[in-house]
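First up is the structure itself, then whatever we jot down about it.
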Amino acid sequence: MGDHDKEVWGTLTKFMLGLAVLAVVIFVVAGSLATGNKEAAMADGAADMEKAIAERIAPVAMVKVAGDKAAAPAAKKSGKDMYASACFACHGTGAAGAPILGDKAAWSARIGQGTALLYSNAINGKGGMPAKGGRADLSDDAIKSIVDYMVAESK
Ligand code: HEC
């Protein structure tokens, strides 16, 4: 390496070192500034402010929840959803000898007797099938829409 090369390398190395030191300095300064800001903000009562905001929006959040609850009964649940919550325990597993959803062989004769009878047996009960599957809270129409779903899935 010639003297000139050495000089270039030396300058380059110093330059790189300088950059590295600068980066570290920026990093450290930025870090301390960030903490400093946070502390200053805390001193200004930012924590209190956060609490105050939470308290202020709480009634709105509550009203929203109450509103959703009030709207819930109006929203019609699908036969599928109601099936999952009211009928799956037996009709998803075959418990108590229930015909399993989707088991065409088990359903064909039942479907063959006509929808009206299926509805009434589901609503009033039949053998191991409790009236409304034990869900007296469900309306006749709700049971009918579940039966429609079960029949459609088991044809
Ligand atoms: C405790 C278990 C159980 C639950 C819960 C249950 N079922 Fe059943 N279900 C049965 C059994 C057992 C049978 C077969 C009854 C028979 O043919 O003797 C049956 C049969 C049926 C049938 C066919 C009736 C017929 O005429 O062959 C329908 C429709 C039916 N269930 C609908 C429902 C619906 C809708 C729900 C939910 C709301 C439900 N079941 C919940 C046990 C249950």
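Letters A, B, ... go to the chains of the structure tokens in the order shown; residues in each chain start at 1; ligands are counted from 1 in the same order.
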
Close residues to ligand 1 using only C-alpha atoms and all ligand atoms, limit 8 Å, as a VMD selection string: chain A and resid 82 to 83 85 to 91 94 to 99 107 109 to 111 113 117 to 123 125 to 130 132 to 135 138 143 to 144 146 to 147 150 to 151

Distance query A:Ser154 at most 9 Å, only C-alpha atoms, self and fewer than 6 positions along chain excluded, as a PyMOL selection string: chain A and resi 100-108+111

Export of prior selection with N, CA, C and O atoms as a PDB file, in the first residue's frame:
```
ATOM      1  N   ILE A 100     -78.652 -37.486  13.938  1.00  0.00           N
ATOM      2  CA  ILE A 100     -77.565 -36.518  13.789  1.00  0.00           C
ATOM      3  C   ILE A 100     -77.752 -35.666  12.533  1.00  0.00           C
ATOM      4  O   ILE A 100     -78.151 -36.168  11.470  1.00  0.00           O
ATOM      5  N   LEU A 101     -77.485 -34.369  12.711  1.00  0.00           N
ATOM      6  CA  LEU A 101     -77.579 -33.420  11.596  1.00  0.00           C
ATOM      7  C   LEU A 101     -76.700 -33.898  10.441  1.00  0.00           C
ATOM      8  O   LEU A 101     -75.536 -34.242  10.647  1.00  0.00           O
ATOM      9  N   GLY A 102     -77.277 -33.968   9.249  1.00  0.00           N
ATOM     10  CA  GLY A 102     -76.499 -34.358   8.085  1.00  0.00           C
ATOM     11  C   GLY A 102     -76.531 -35.866   7.819  1.00  0.00           C
ATOM     12  O   GLY A 102     -76.067 -36.313   6.774  1.00  0.00           O
ATOM     13  N   ASP A 103     -77.070 -36.645   8.771  1.00  0.00           N
ATOM     14  CA  ASP A 103     -77.182 -38.092   8.588  1.00  0.00           C
ATOM     15  C   ASP A 103     -78.446 -38.361   7.771  1.00  0.00           C
ATOM     16  O   ASP A 103     -79.544 -38.501   8.306  1.00  0.00           O
ATOM     17  N   LYS A 104     -78.266 -38.434   6.457  1.00  0.00           N
ATOM     18  CA  LYS A 104     -79.412 -38.544   5.546  1.00  0.00           C
ATOM     19  C   LYS A 104     -80.283 -39.753   5.850  1.00  0.00           C
ATOM     20  O   LYS A 104     -81.506 -39.663   5.840  1.00  0.00           O
ATOM     21  N   ALA A 105     -79.648 -40.887   6.149  1.00  0.00           N
ATOM     22  CA  ALA A 105     -80.422 -42.109   6.409  1.00  0.00           C
ATOM     23  C   ALA A 105     -81.312 -41.927   7.627  1.00  0.00           C
ATOM     24  O   ALA A 105     -82.475 -42.348   7.631  1.00  0.00           O
ATOM     25  N   ALA A 106     -80.765 -41.279   8.652  1.00  0.00           N
ATOM     26  CA  ALA A 106     -81.541 -41.097   9.879  1.00  0.00           C
ATOM     27  C   ALA A 106     -82.666 -40.094   9.687  1.00  0.00           C
ATOM     28  O   ALA A 106     -83.662 -40.121  10.406  1.00  0.00           O
ATOM     29  N   TRP A 107     -82.516 -39.208   8.735  1.00  0.00           N
ATOM     30  CA  TRP A 107     -83.513 -38.149   8.563  1.00  0.00           C
ATOM     31  C   TRP A 107     -84.542 -38.414   7.464  1.00  0.00           C
ATOM     32  O   TRP A 107     -85.625 -37.828   7.476  1.00  0.00           O
ATOM     33  N   SER A 108     -84.216 -39.282   6.493  1.00  0.00           N
ATOM     34  CA  SER A 108     -85.091 -39.381   5.323  1.00  0.00           C
ATOM     35  C   SER A 108     -86.533 -39.745   5.692  1.00  0.00           C
ATOM     36  O   SER A 108     -87.472 -39.116   5.206  1.00  0.00           O
ATOM     37  N   ILE A 111     -88.114 -36.789   7.509  1.00  0.00           N
ATOM     38  CA  ILE A 111     -88.457 -35.713   6.575  1.00  0.00           C
ATOM     39  C   ILE A 111     -89.664 -36.131   5.740  1.00  0.00           C
ATOM     40  O   ILE A 111     -90.539 -35.316   5.440  1.00  0.00           O
TER      41      ILE A 111
END
```

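When atom CA of A:Val25 is paired with atom CA of A:Glu7, their separation reads 26.7 Å.
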
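You can rank A:Ser32, A:Ser139, A:Thr13, A:Thr93 by their closest distance to A:Lys77 using only C-alpha atoms, and at the top of that list sits A:Ser139.
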